[in-house]
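Structure file query17.cif; described as mmCIF, C-alpha atoms.
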data_my_file
#
loop_
_atom_site.group_PDB
_atom_site.id
_atom_site.type_symbol
_atom_site.label_atom_id
_atom_site.label_comp_id
_atom_site.auth_asym_id
_atom_site.auth_seq_id
_atom_site.Cartn_x
_atom_site.Cartn_y
_atom_site.Cartn_z
ATOM 1 C CA MET H 1 -31.985 10.053 129.225
ATOM 2 C CA SER H 2 -31.271 10.737 125.559
ATOM 3 C CA LEU H 3 -29.778 8.848 122.649
ATOM 4 C CA ASN H 4 -27.867 10.062 119.593
ATOM 5 C CA LYS H 5 -27.063 7.018 117.463
ATOM 6 C CA VAL H 6 -26.912 6.547 113.697
ATOM 7 C CA GLN H 7 -26.451 3.333 111.719
ATOM 8 C CA LEU H 8 -25.821 3.580 107.983
ATOM 9 C CA ILE H 9 -25.001 1.141 105.212
ATOM 10 C CA GLY H 10 -24.034 2.834 101.987
ATOM 11 C CA ASN H 11 -21.436 3.508 99.332
ATOM 12 C CA VAL H 12 -18.478 5.855 99.646
ATOM 13 C CA GLY H 13 -18.910 8.874 97.353
ATOM 14 C CA LYS H 14 -15.243 9.910 97.188
ATOM 15 C CA ASP H 15 -11.898 8.747 98.529
ATOM 16 C CA PRO H 16 -11.410 9.858 102.140
ATOM 17 C CA GLU H 17 -9.594 13.147 102.701
ATOM 18 C CA VAL H 18 -7.240 12.598 105.632
ATOM 19 C CA ARG H 19 -5.366 15.280 107.538
ATOM 20 C CA TYR H 20 -3.226 15.136 110.637
ATOM 21 C CA LEU H 21 -3.600 17.636 113.473
ATOM 22 C CA ASP H 22 -0.641 19.099 115.394
ATOM 23 C CA GLY H 23 -0.578 16.219 117.886
ATOM 24 C CA GLY H 24 -0.475 13.620 115.078
ATOM 25 C CA VAL H 25 -4.185 12.837 115.417
ATOM 26 C CA ALA H 26 -5.686 11.673 112.097
ATOM 27 C CA VAL H 27 -9.060 12.978 110.874
ATOM 28 C CA ALA H 28 -10.748 11.549 107.766
ATOM 29 C CA GLN H 29 -13.774 12.956 105.946
ATOM 30 C CA PHE H 30 -15.798 11.530 103.067
ATOM 31 C CA SER H 31 -19.348 11.310 101.803
ATOM 32 C CA LEU H 32 -21.530 8.202 102.054
ATOM 33 C CA ALA H 33 -24.626 7.599 99.902
ATOM 34 C CA THR H 34 -27.614 5.652 101.176
ATOM 35 C CA THR H 35 -30.407 4.850 98.734
ATOM 36 C CA ASP H 36 -34.062 3.980 99.292
ATOM 37 C CA ARG H 37 -35.388 1.773 96.513
ATOM 38 C CA ALA H 38 -38.106 2.908 94.147
ATOM 39 C CA TYR H 39 -41.529 1.404 94.777
ATOM 40 C CA THR H 40 -45.136 1.516 93.584
ATOM 41 C CA LEU H 41 -48.040 2.447 95.855
ATOM 42 C CA ALA H 42 -51.253 0.416 95.913
ATOM 43 C CA ASN H 43 -52.952 3.046 93.717
ATOM 44 C CA GLY H 44 -50.246 2.658 91.034
ATOM 45 C CA THR H 45 -48.256 5.780 91.862
ATOM 46 C CA GLN H 46 -44.556 5.203 91.404
ATOM 47 C CA VAL H 47 -42.216 6.609 94.031
ATOM 48 C CA PRO H 48 -38.721 7.101 92.583
ATOM 49 C CA GLU H 49 -35.446 5.974 94.130
ATOM 50 C CA ARG H 50 -34.084 8.471 96.667
ATOM 51 C CA THR H 51 -30.431 8.923 97.601
ATOM 52 C CA GLU H 52 -29.263 10.715 100.741
ATOM 53 C CA TRP H 53 -25.677 11.945 101.100
ATOM 54 C CA HIS H 54 -24.053 11.874 104.542
ATOM 55 C CA ASN H 55 -20.859 13.636 105.631
ATOM 56 C CA ILE H 56 -18.767 11.111 107.582
ATOM 57 C CA VAL H 57 -15.983 12.084 110.010
ATOM 58 C CA LEU H 58 -13.547 9.499 111.402
ATOM 59 C CA TRP H 59 -10.915 10.141 114.073
ATOM 60 C CA ARG H 60 -7.618 8.504 115.086
ATOM 61 C CA GLY H 61 -7.363 4.791 114.266
ATOM 62 C CA LEU H 62 -10.543 4.686 112.191
ATOM 63 C CA ALA H 63 -9.220 7.583 110.099
ATOM 64 C CA GLU H 64 -5.937 5.756 109.518
ATOM 65 C CA VAL H 65 -7.785 2.596 108.449
ATOM 66 C CA ALA H 66 -9.930 4.640 106.060
ATOM 67 C CA GLU H 67 -6.827 6.291 104.601
ATOM 68 C CA LYS H 68 -5.307 2.894 103.774
ATOM 69 C CA TYR H 69 -8.304 0.806 102.775
ATOM 70 C CA VAL H 70 -11.442 2.841 101.961
ATOM 71 C CA LYS H 71 -11.966 3.867 98.336
ATOM 72 C CA LYS H 72 -14.735 5.505 96.338
ATOM 73 C CA GLY H 73 -17.561 3.015 95.682
ATOM 74 C CA ASP H 74 -16.817 0.769 98.684
ATOM 75 C CA LYS H 75 -19.797 -0.372 100.727
ATOM 76 C CA LEU H 76 -19.476 0.479 104.434
ATOM 77 C CA TYR H 77 -21.395 0.076 107.654
ATOM 78 C CA ILE H 78 -21.031 3.218 109.770
ATOM 79 C CA GLU H 79 -22.220 3.633 113.346
ATOM 80 C CA GLY H 80 -21.928 6.933 115.152
ATOM 81 C CA LYS H 81 -23.512 10.193 116.287
ATOM 82 C CA ILE H 82 -25.113 13.103 114.432
ATOM 83 C CA ARG H 83 -23.450 16.451 115.013
ATOM 84 C CA THR H 84 -24.291 19.803 113.479
ATOM 85 C CA ARG H 85 -21.801 22.640 113.423
ATOM 86 C CA TYR H 86 -22.331 26.239 112.441
ATOM 87 C CA TYR H 87 -20.016 28.654 110.660
ATOM 88 C CA ASP H 88 -19.977 31.901 108.666
ATOM 89 C CA ASP H 89 -19.228 31.542 104.959
ATOM 90 C CA ALA H 90 -17.001 33.879 102.920
ATOM 91 C CA ASN H 91 -19.922 36.307 102.472
ATOM 92 C CA GLY H 92 -20.677 36.374 106.206
ATOM 93 C CA ALA H 93 -23.855 34.280 105.907
ATOM 94 C CA LYS H 94 -24.598 31.783 108.683
ATOM 95 C CA ARG H 95 -24.267 28.182 107.465
ATOM 96 C CA SER H 96 -24.568 24.759 109.049
ATOM 97 C CA ILE H 97 -23.325 21.302 108.206
ATOM 98 C CA THR H 98 -24.566 18.018 109.634
ATOM 99 C CA GLU H 99 -21.970 15.277 110.030
ATOM 100 C CA ILE H 100 -21.852 11.709 111.277
ATOM 101 C CA PHE H 101 -19.006 11.255 113.762
ATOM 102 C CA ALA H 102 -18.311 7.541 113.419
ATOM 103 C CA ASP H 103 -17.559 5.341 116.431
ATOM 104 C CA ASN H 104 -17.498 2.130 114.401
ATOM 105 C CA MET H 105 -16.892 1.242 110.758
ATOM 106 C CA GLU H 106 -17.096 -2.112 109.012
ATOM 107 C CA MET H 107 -15.993 -2.644 105.453
ATOM 108 C CA LEU H 108 -18.589 -4.636 103.515
ATOM 109 C CA THR H 109 -16.944 -4.693 100.070
ATOM 110 C CA PRO H 110 -14.892 -7.843 99.545
ATOM 111 C CA ARG H 111 -11.280 -6.921 98.835
ATOM 112 C CA SER H 112 -11.141 -9.131 95.733
ATOM 113 C CA ASN H 113 -13.812 -6.923 94.090
ATOM 114 C CA ASN H 114 -11.677 -3.782 94.282
ATOM 115 C CA ALA H 115 -9.719 -2.903 91.166
ATOM 116 C CA GLY H 116 -5.996 -2.841 91.714
ATOM 117 C CA VAL H 117 -6.133 -4.490 95.125
ATOM 118 C CA THR H 118 -4.959 -8.069 95.194
ATOM 119 C CA THR H 119 -4.362 -10.403 98.073
ATOM 120 C CA PRO H 120 -1.139 -12.364 97.638
ATOM 121 C CA PRO H 121 -1.366 -16.135 98.068
ATOM 122 C CA PRO H 122 0.086 -17.505 101.288
ATOM 123 C CA ALA H 123 3.844 -17.938 101.073
ATOM 124 C CA PRO H 124 5.043 -21.554 100.862
ATOM 125 C CA VAL H 125 7.288 -22.912 103.599
ATOM 126 C CA ALA H 126 10.785 -21.757 102.674
ATOM 127 C CA SER H 127 12.737 -24.748 103.938
ATOM 128 C CA ALA H 128 12.446 -28.037 105.767
ATOM 129 C CA THR H 129 14.054 -26.392 108.809
ATOM 130 C CA SER H 130 11.148 -23.963 109.257
ATOM 131 C CA ALA H 131 8.674 -26.817 108.708
ATOM 132 C CA SER H 132 10.296 -28.903 111.452
ATOM 133 C CA THR H 133 10.267 -25.874 113.760
ATOM 134 C CA THR H 134 6.523 -25.591 113.234
ATOM 135 C CA VAL H 135 6.025 -29.263 114.101
ATOM 136 C CA THR H 136 8.129 -28.888 117.256
ATOM 137 C CA GLU H 137 6.086 -25.872 118.347
ATOM 138 C CA LYS H 138 2.863 -27.834 117.845
ATOM 139 C CA GLU H 139 4.221 -30.747 119.899
ATOM 140 C CA ASP H 140 4.834 -28.386 122.826
ATOM 141 C CA LEU H 141 1.133 -27.539 123.012
ATOM 142 C CA PRO H 142 -0.645 -29.058 126.031
ATOM 143 C CA PHE H 143 -3.541 -30.412 123.971
#

Output the file's structure in the form of C-alpha cells.
Amino acid sequence: MSLNKVQLIGNVGKDPEVRYLDGGVAVAQFSLATTDRAYTLANGTQVPERTEWHNIVLWRGLAEVAEKYVKKGDKLYIEGKIRTRYYDDANGAKRSITEIFADNMEMLTPRSNNAGVTTPPPAPVASATSASTTVTEKEDLPF
C-alpha cells in the first residue's frame, strides 16, 4: 500500500491562469505560498521565517471555481497529490517541475475582506402577493 496526499494552507501568489482544453475541460494553475514562522532555539540562535512556493493545478469544476472566485492573496486550503513531470527546455536541458494536483479546495478568506467584492444585501419581498405565497407554502409543510 502507498499514499500520496498533501494538505496545504497558504496564500495565493498570483491570480489563477485558466485554460480550456479541446473537450471544454478547464485547467487552472497558480502558485501557493506556505510560511513557517521564525523562531529562536534554546541556545539563542534565531531561525528566520521560511516560505515555500507550491505549483497548484486544478481540473474541471475546481478550476472553474478558482477562475471565478480565487484571487492573489486569498488564503486557501488545498488537498491533493504530488506529481512531478519532466520536460526538455528550449536549450534541450532536462527539467522537472513538481505540482500539487488538487482534489479538494476550501476558500478561507472571508469574501467581505476582498477588495472590490461585495455581497449584496438580501432583496426585500417585492409585494404582498409573494409574501402570502411564502406563507401558503409554509402551511403545506407536514411539520

Closest of H:Ala63, H:Val27, H:Ile56, H:Val12 to Thr98 of chain H, counting all atoms listed in the file, is H:Ile56

Residues matched by the PyMOL selection byres ((chain H and resi 86) around 7), written as JSON, numbers by chain: {"H": [84, 85, 87, 95, 96, 97]}

Exactly which residues make up the result of the PyMOL selection byres ((chain H and resi 106) around 10) on this file, given as a ChimeraX atom specification? /H:9,62,75-79,104-105,107-109

State, in Å with one decimal place, the distance from atom CA of Ala38 of chain H to atom CA of Asn55 of chain H. 23.3 Å

What residues come out when you apply the PyMOL selection byres ((chain H and resi 64) around 12) to this file, written as a ChimeraX atom specification? /H:16-20,24-29,57-63,65-70,105

Residue among H:Pro110, H:Gly44, H:Gly92, H:Gly73 lying closest to Phe30 of chain H, counting all atoms listed in the file: H:Gly73

Interatomic distance (Å, one decimal) between atom CA of Glu99 of chain H and atom CA of Gly80 of chain H: 9.8 Å

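Of the residues listed (H:Leu3, H:Ile100, H:Ala93, H:Leu8), H:Leu8 shows the shortest atom-to-atom separation from Thr34 of chain H; distances use only C-alpha atoms.
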
Atom pair atom CA of Pro48 of chain H / atom CA of Leu32 of chain H: separation (Å): 19.7 Å

How big is the axis-aligned box, and where does its centre sit, when it encloses all atoms of segment 77-90 of chain H listed in the file and has 6 Å added on every side, reported in Å to one decimal as AutoDock Vina command-line options?
--center_x -21.1 --center_y 17.0 --center_z 109.6 --size_x 20.1 --size_y 45.8 --size_z 25.4

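With all atoms listed in the file as the atoms that count, the residue of H:Lys71, H:Leu21, H:Gly10, H:Asp15 with the shortest distance to Asp36 of chain H is H:Gly10.
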